[in-house]
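**Q** Would you mind keeping the following structure in view while I ask a few things?
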Amino acid sequence: MRSWRFPNAGRKYFASRIINLEWVKHGAGTHRISPAFSDVTDDAGHTLITVYGAKRPDGKWSLMLINKDPSNAHEVKIEFDDGSGSPARRFAGTITTLTFGA
């Protein structure tokens with residue numbers, strides 16, 4: 001797992017690099033963006049984890065999860081639902097993680 005920490009001036013630049021070079025692969029072909037959601041909320045009902053899903057040209061899924069809770073890490077369970085009414089599938093296999101921020 002890589003962890004990137006940068007001063008305020010470079011955060012937007014490095015966030016855009018992570019999105020374009022890690023989450024999706026710039027210049028690799030057509031990516032399919034898929035709907036994704038999180039049910040992790042605080043006591044007031046605010047969503048704490050924002051999720052973005054992309055299927056890359058190489059067939060691999062890439063998920064970007066953004067924790068909007070600056071004080072706590074949250075456990076997540078990832079499921080894939082193709083909308084056909086069949087049971088949701090869970091992820092199995094090797095994953096690569098990248099952390100940006102604290």
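Residue numbering restarts at 1 in every chain; chains get A, B, ... in the order shown in the structure tokens, and ligands count up from 1 in that same order.
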Please identify all polymer residues within 12 Å of segment 21-35 of chain A, counting only C-alpha atoms, omitting same-chain residues fewer than 5 positions from it, and present them as a PyMOL selection string.
**A** chain A and resi 2+13-16+50-65+80-83+96-100
**Q** Out of chain A, which residues get strand (DSSP E or B) from DSSP, as a JSON list (two decimals) with N, CA, C and O atoms, in the first residue's frame?
**A**
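Output contents, as saved in selection08.json:
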```json
[["chain", "number", "residue", "atom", "x", "y", "z"],
["A", 2, "ARG", "N", 0.59, 2.17, -0.89],
["A", 2, "ARG", "CA", 1.33, 3.42, -0.94],
["A", 2, "ARG", "C", 0.55, 4.49, -0.19],
["A", 2, "ARG", "O", -0.67, 4.50, -0.23],
["A", 3, "SER", "N", 1.23, 5.38, 0.47],
["A", 3, "SER", "CA", 0.58, 6.49, 1.16],
["A", 3, "SER", "C", 1.25, 7.77, 0.70],
["A", 3, "SER", "O", 2.47, 7.91, 0.79],
["A", 4, "TRP", "N", 0.46, 8.70, 0.18],
["A", 4, "TRP", "CA", 0.99, 9.96, -0.33],
["A", 4, "TRP", "C", 0.53, 11.10, 0.55],
["A", 4, "TRP", "O", -0.64, 11.27, 0.80],
["A", 32, "ARG", "N", -15.52, 2.16, -18.60],
["A", 32, "ARG", "CA", -16.96, 2.21, -18.38],
["A", 32, "ARG", "C", -17.21, 2.61, -16.92],
["A", 32, "ARG", "O", -16.85, 1.88, -16.00],
["A", 33, "ILE", "N", -17.78, 3.79, -16.73],
["A", 33, "ILE", "CA", -18.08, 4.27, -15.40],
["A", 33, "ILE", "C", -19.40, 3.64, -14.96],
["A", 33, "ILE", "O", -20.37, 3.63, -15.72],
["A", 34, "SER", "N", -19.44, 3.11, -13.76],
["A", 34, "SER", "CA", -20.62, 2.41, -13.26],
["A", 34, "SER", "C", -21.15, 3.08, -12.00],
["A", 34, "SER", "O", -20.37, 3.61, -11.21],
["A", 41, "THR", "N", -23.15, 5.95, 6.93],
["A", 41, "THR", "CA", -23.65, 7.28, 7.27],
["A", 41, "THR", "C", -23.35, 7.62, 8.73],
["A", 41, "THR", "O", -23.07, 6.73, 9.54],
["A", 47, "THR", "N", -23.95, 10.83, 4.24],
["A", 47, "THR", "CA", -23.10, 9.78, 3.68],
["A", 47, "THR", "C", -21.64, 10.11, 3.96],
["A", 47, "THR", "O", -21.18, 11.21, 3.66],
["A", 49, "ILE", "N", -18.94, 7.87, 3.11],
["A", 49, "ILE", "CA", -18.06, 7.29, 2.10],
["A", 49, "ILE", "C", -18.70, 7.50, 0.73],
["A", 49, "ILE", "O", -19.82, 7.08, 0.49],
["A", 50, "THR", "N", -17.99, 8.16, -0.17],
["A", 50, "THR", "CA", -18.44, 8.32, -1.54],
["A", 50, "THR", "C", -17.69, 7.31, -2.39],
["A", 50, "THR", "O", -16.49, 7.13, -2.21],
["A", 51, "VAL", "N", -18.40, 6.66, -3.31],
["A", 51, "VAL", "CA", -17.80, 5.59, -4.11],
["A", 51, "VAL", "C", -17.97, 5.87, -5.60],
["A", 51, "VAL", "O", -19.04, 6.30, -6.03],
["A", 52, "TYR", "N", -16.92, 5.63, -6.36],
["A", 52, "TYR", "CA", -16.94, 5.74, -7.81],
["A", 52, "TYR", "C", -16.39, 4.44, -8.38],
["A", 52, "TYR", "O", -15.35, 3.96, -7.93],
["A", 53, "GLY", "N", -17.07, 3.88, -9.35],
["A", 53, "GLY", "CA", -16.63, 2.63, -9.96],
["A", 53, "GLY", "C", -16.34, 2.78, -11.43],
["A", 53, "GLY", "O", -17.05, 3.48, -12.14],
["A", 54, "ALA", "N", -15.26, 2.14, -11.88],
["A", 54, "ALA", "CA", -14.91, 2.16, -13.30],
["A", 54, "ALA", "C", -14.40, 0.78, -13.71],
["A", 54, "ALA", "O", -13.61, 0.17, -12.98],
["A", 55, "LYS", "N", -14.87, 0.31, -14.84],
["A", 55, "LYS", "CA", -14.33, -0.92, -15.40],
["A", 55, "LYS", "C", -13.33, -0.51, -16.47],
["A", 55, "LYS", "O", -13.67, 0.18, -17.44],
["A", 61, "TRP", "N", -11.81, -4.04, -12.44],
["A", 61, "TRP", "CA", -12.60, -2.99, -11.80],
["A", 61, "TRP", "C", -11.68, -2.10, -11.00],
["A", 61, "TRP", "O", -10.73, -2.56, -10.37],
["A", 62, "SER", "N", -11.98, -0.82, -11.00],
["A", 62, "SER", "CA", -11.25, 0.16, -10.22],
["A", 62, "SER", "C", -12.28, 0.94, -9.41],
["A", 62, "SER", "O", -13.20, 1.53, -9.96],
["A", 63, "LEU", "N", -12.14, 0.91, -8.10],
["A", 63, "LEU", "CA", -13.06, 1.62, -7.22],
["A", 63, "LEU", "C", -12.31, 2.73, -6.50],
["A", 63, "LEU", "O", -11.22, 2.52, -5.99],
["A", 64, "MET", "N", -12.91, 3.90, -6.48],
["A", 64, "MET", "CA", -12.35, 5.00, -5.72],
["A", 64, "MET", "C", -13.33, 5.29, -4.58],
["A", 64, "MET", "O", -14.50, 5.59, -4.82],
["A", 65, "LEU", "N", -12.85, 5.14, -3.35],
["A", 65, "LEU", "CA", -13.66, 5.41, -2.17],
["A", 65, "LEU", "C", -13.09, 6.64, -1.49],
["A", 65, "LEU", "O", -11.88, 6.73, -1.26],
["A", 66, "ILE", "N", -13.95, 7.58, -1.18],
["A", 66, "ILE", "CA", -13.53, 8.82, -0.51],
["A", 66, "ILE", "C", -14.20, 8.87, 0.85],
["A", 66, "ILE", "O", -15.43, 8.89, 0.95],
["A", 67, "ASN", "N", -13.38, 8.87, 1.89],
["A", 67, "ASN", "CA", -13.86, 8.97, 3.26],
["A", 67, "ASN", "C", -13.99, 10.44, 3.61],
["A", 67, "ASN", "O", -12.99, 11.15, 3.70],
["A", 79, "GLU", "N", -19.65, -5.12, -2.76],
["A", 79, "GLU", "CA", -20.49, -6.08, -3.47],
["A", 79, "GLU", "C", -20.75, -5.56, -4.88],
["A", 79, "GLU", "O", -20.83, -4.35, -5.09],
["A", 80, "PHE", "N", -20.90, -6.49, -5.83],
["A", 80, "PHE", "CA", -21.21, -6.14, -7.21],
["A", 80, "PHE", "C", -22.62, -6.62, -7.51],
["A", 80, "PHE", "O", -22.95, -7.79, -7.33],
["A", 89, "ARG", "N", -22.71, -10.15, -5.98],
["A", 89, "ARG", "CA", -21.46, -10.90, -5.87],
["A", 89, "ARG", "C", -20.46, -10.10, -5.06],
["A", 89, "ARG", "O", -20.47, -8.88, -5.06],
["A", 90, "ARG", "N", -19.60, -10.81, -4.37],
["A", 90, "ARG", "CA", -18.56, -10.16, -3.57],
["A", 90, "ARG", "C", -17.24, -10.24, -4.31],
["A", 90, "ARG", "O", -17.04, -11.09, -5.16],
["A", 98, "LEU", "N", -4.34, 2.41, -2.62],
["A", 98, "LEU", "CA", -3.56, 3.63, -2.64],
["A", 98, "LEU", "C", -4.26, 4.61, -1.71],
["A", 98, "LEU", "O", -5.48, 4.77, -1.79],
["A", 99, "THR", "N", -3.52, 5.22, -0.84],
["A", 99, "THR", "CA", -4.08, 6.18, 0.12],
["A", 99, "THR", "C", -3.52, 7.56, -0.18],
["A", 99, "THR", "O", -2.32, 7.73, -0.35],
["A", 100, "PHE", "N", -4.42, 8.53, -0.23],
["A", 100, "PHE", "CA", -4.03, 9.93, -0.43],
["A", 100, "PHE", "C", -4.54, 10.71, 0.76],
["A", 100, "PHE", "O", -5.74, 10.74, 1.02]]
```
**Q** Using only C-alpha atoms for the distances, tell me which of A:Ile78, A:Ser71, A:Pro87, A:Lys12 is nearest to Ala36 of chain A.
**A** A:Ile78
**Q** What does the distance between atom CA of Gly101 of chain A and atom CA of Ala44 of chain A come to in Å, to one decimal place?
**A**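 Interatomic distance, atom CA of Gly101 of chain A to atom CA of Ala44 of chain A: 25.0 Å.
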**Q** If you run DSSP on the backbone here, which positions in chain A get helix (DSSP H, G or I)? Please write them as a list in words.
**A**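 Put together, the selection reads Asn8, Ala9, Gly10, Arg11, Lys12, Tyr13, Phe14, Ala15, Ser16, Arg17, Ile18, Ile19, Asn20, Leu21, Glu22 and Trp23 of chain A.
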**Q** Could those residues be written to a file, using all heavy atoms, as a tab-separated table (two decimals), in the first residue's frame?
**A**
```
chain	number	residue	atom	x	y	z
A	8	ASN	N	-0.46	21.61	1.20
A	8	ASN	CA	-1.71	22.10	0.59
A	8	ASN	C	-1.56	22.51	-0.87
A	8	ASN	O	-2.46	22.25	-1.66
A	8	ASN	CB	-2.26	23.27	1.39
A	8	ASN	CG	-2.83	22.83	2.72
A	8	ASN	OD1	-3.20	21.67	2.88
A	8	ASN	ND2	-2.89	23.73	3.67
A	9	ALA	N	-0.48	23.15	-1.23
A	9	ALA	CA	-0.33	23.68	-2.59
A	9	ALA	C	-0.37	22.58	-3.64
A	9	ALA	O	-0.84	22.81	-4.75
A	9	ALA	CB	0.98	24.46	-2.70
A	10	GLY	N	0.08	21.40	-3.34
A	10	GLY	CA	0.14	20.34	-4.34
A	10	GLY	C	-1.01	19.35	-4.29
A	10	GLY	O	-1.07	18.44	-5.11
A	11	ARG	N	-1.95	19.51	-3.37
A	11	ARG	CA	-3.00	18.50	-3.21
A	11	ARG	C	-3.87	18.32	-4.44
A	11	ARG	O	-4.17	17.20	-4.83
A	11	ARG	CB	-3.86	18.81	-2.00
A	11	ARG	CG	-3.13	18.53	-0.72
A	11	ARG	CD	-4.00	18.72	0.47
A	11	ARG	NE	-3.21	18.43	1.67
A	11	ARG	CZ	-3.63	18.61	2.87
A	11	ARG	NH1	-4.85	19.07	3.08
A	11	ARG	NH2	-2.87	18.34	3.90
A	12	LYS	N	-4.29	19.41	-5.07
A	12	LYS	CA	-5.14	19.30	-6.25
A	12	LYS	C	-4.38	18.62	-7.39
A	12	LYS	O	-4.93	17.78	-8.10
A	12	LYS	CB	-5.65	20.67	-6.69
A	12	LYS	CG	-6.66	21.26	-5.75
A	12	LYS	CD	-7.11	22.62	-6.22
A	12	LYS	CE	-8.03	23.25	-5.19
A	12	LYS	NZ	-8.42	24.60	-5.58
A	13	TYR	N	-3.13	18.98	-7.54
A	13	TYR	CA	-2.32	18.38	-8.60
A	13	TYR	C	-2.19	16.87	-8.36
A	13	TYR	O	-2.42	16.08	-9.28
A	13	TYR	CB	-0.94	19.03	-8.65
A	13	TYR	CG	0.03	18.28	-9.52
A	13	TYR	CD1	-0.03	18.38	-10.91
A	13	TYR	CD2	1.00	17.46	-8.95
A	13	TYR	CE1	0.84	17.67	-11.71
A	13	TYR	CE2	1.88	16.76	-9.75
A	13	TYR	CZ	1.81	16.87	-11.12
A	13	TYR	OH	2.67	16.17	-11.92
A	14	PHE	N	-1.82	16.47	-7.17
A	14	PHE	CA	-1.60	15.05	-6.91
A	14	PHE	C	-2.92	14.26	-6.87
A	14	PHE	O	-2.95	13.10	-7.27
A	14	PHE	CB	-0.78	14.85	-5.64
A	14	PHE	CG	0.66	15.19	-5.86
A	14	PHE	CD1	1.18	16.38	-5.40
A	14	PHE	CD2	1.49	14.33	-6.58
A	14	PHE	CE1	2.51	16.71	-5.64
A	14	PHE	CE2	2.80	14.65	-6.83
A	14	PHE	CZ	3.33	15.85	-6.35
A	15	ALA	N	-4.00	14.90	-6.44
A	15	ALA	CA	-5.31	14.23	-6.51
A	15	ALA	C	-5.68	13.95	-7.96
A	15	ALA	O	-6.14	12.86	-8.30
A	15	ALA	CB	-6.38	15.07	-5.83
A	16	SER	N	-5.45	14.92	-8.85
A	16	SER	CA	-5.76	14.70	-10.26
A	16	SER	C	-4.84	13.65	-10.87
A	16	SER	O	-5.26	12.86	-11.72
A	16	SER	CB	-5.70	16.01	-11.06
A	16	SER	OG	-4.38	16.50	-11.09
A	17	ARG	N	-3.59	13.59	-10.44
A	17	ARG	CA	-2.68	12.54	-10.92
A	17	ARG	C	-3.18	11.16	-10.50
A	17	ARG	O	-3.17	10.22	-11.29
A	17	ARG	CB	-1.27	12.74	-10.35
A	17	ARG	CG	-0.39	13.60	-11.18
A	17	ARG	CD	1.04	13.62	-10.64
A	17	ARG	NE	1.74	12.35	-10.74
A	17	ARG	CZ	2.36	11.90	-11.83
A	17	ARG	NH1	2.32	12.61	-12.93
A	17	ARG	NH2	2.99	10.76	-11.83
A	18	ILE	N	-3.62	11.04	-9.26
A	18	ILE	CA	-4.12	9.75	-8.77
A	18	ILE	C	-5.36	9.33	-9.56
A	18	ILE	O	-5.49	8.18	-9.97
A	18	ILE	CB	-4.39	9.81	-7.26
A	18	ILE	CG1	-3.05	9.86	-6.51
A	18	ILE	CG2	-5.21	8.61	-6.80
A	18	ILE	CD1	-3.18	10.15	-5.04
A	19	ILE	N	-6.28	10.27	-9.79
A	19	ILE	CA	-7.49	9.95	-10.54
A	19	ILE	C	-7.14	9.50	-11.96
A	19	ILE	O	-7.66	8.49	-12.45
A	19	ILE	CB	-8.46	11.15	-10.56
A	19	ILE	CG1	-9.05	11.36	-9.16
A	19	ILE	CG2	-9.57	10.94	-11.60
A	19	ILE	CD1	-9.79	12.66	-9.00
A	20	ASN	N	-6.26	10.22	-12.63
A	20	ASN	CA	-5.96	9.96	-14.04
A	20	ASN	C	-4.91	8.88	-14.29
A	20	ASN	O	-4.83	8.35	-15.40
A	20	ASN	CB	-5.53	11.24	-14.74
A	20	ASN	CG	-6.68	12.18	-14.95
A	20	ASN	OD1	-7.60	11.85	-15.68
A	20	ASN	ND2	-6.65	13.31	-14.28
A	21	LEU	N	-4.10	8.56	-13.30
A	21	LEU	CA	-3.04	7.58	-13.51
A	21	LEU	C	-3.18	6.33	-12.65
A	21	LEU	O	-2.49	5.35	-12.89
A	21	LEU	CB	-1.68	8.23	-13.28
A	21	LEU	CG	-1.37	9.41	-14.18
A	21	LEU	CD1	-0.04	10.04	-13.80
A	21	LEU	CD2	-1.38	9.02	-15.65
A	22	GLU	N	-4.04	6.37	-11.65
A	22	GLU	CA	-4.22	5.20	-10.78
A	22	GLU	C	-5.63	4.65	-10.88
A	22	GLU	O	-5.82	3.47	-11.14
A	22	GLU	CB	-3.92	5.57	-9.31
A	22	GLU	CG	-2.51	6.03	-9.06
A	22	GLU	CD	-1.47	4.93	-9.16
A	22	GLU	OE1	-1.84	3.74	-9.09
A	22	GLU	OE2	-0.28	5.26	-9.29
A	23	TRP	N	-6.65	5.50	-10.66
A	23	TRP	CA	-8.04	5.04	-10.69
A	23	TRP	C	-8.41	4.61	-12.10
A	23	TRP	O	-8.90	3.52	-12.33
A	23	TRP	CB	-8.98	6.11	-10.16
A	23	TRP	CG	-10.42	5.71	-10.17
A	23	TRP	CD1	-10.96	4.59	-9.59
A	23	TRP	CD2	-11.49	6.38	-10.81
A	23	TRP	NE1	-12.32	4.55	-9.82
A	23	TRP	CE2	-12.67	5.64	-10.56
A	23	TRP	CE3	-11.59	7.56	-11.54
A	23	TRP	CZ2	-13.91	6.03	-11.03
A	23	TRP	CZ3	-12.82	7.94	-12.00
A	23	TRP	CH2	-13.97	7.18	-11.74
```
**Q** Can you tell me how far atom CA of Lys68 of chain A sits from atom CA of Asp43 of chain A, in Å to one decimal?
**A**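 Computing it gives 14.1 Å between the two atoms.
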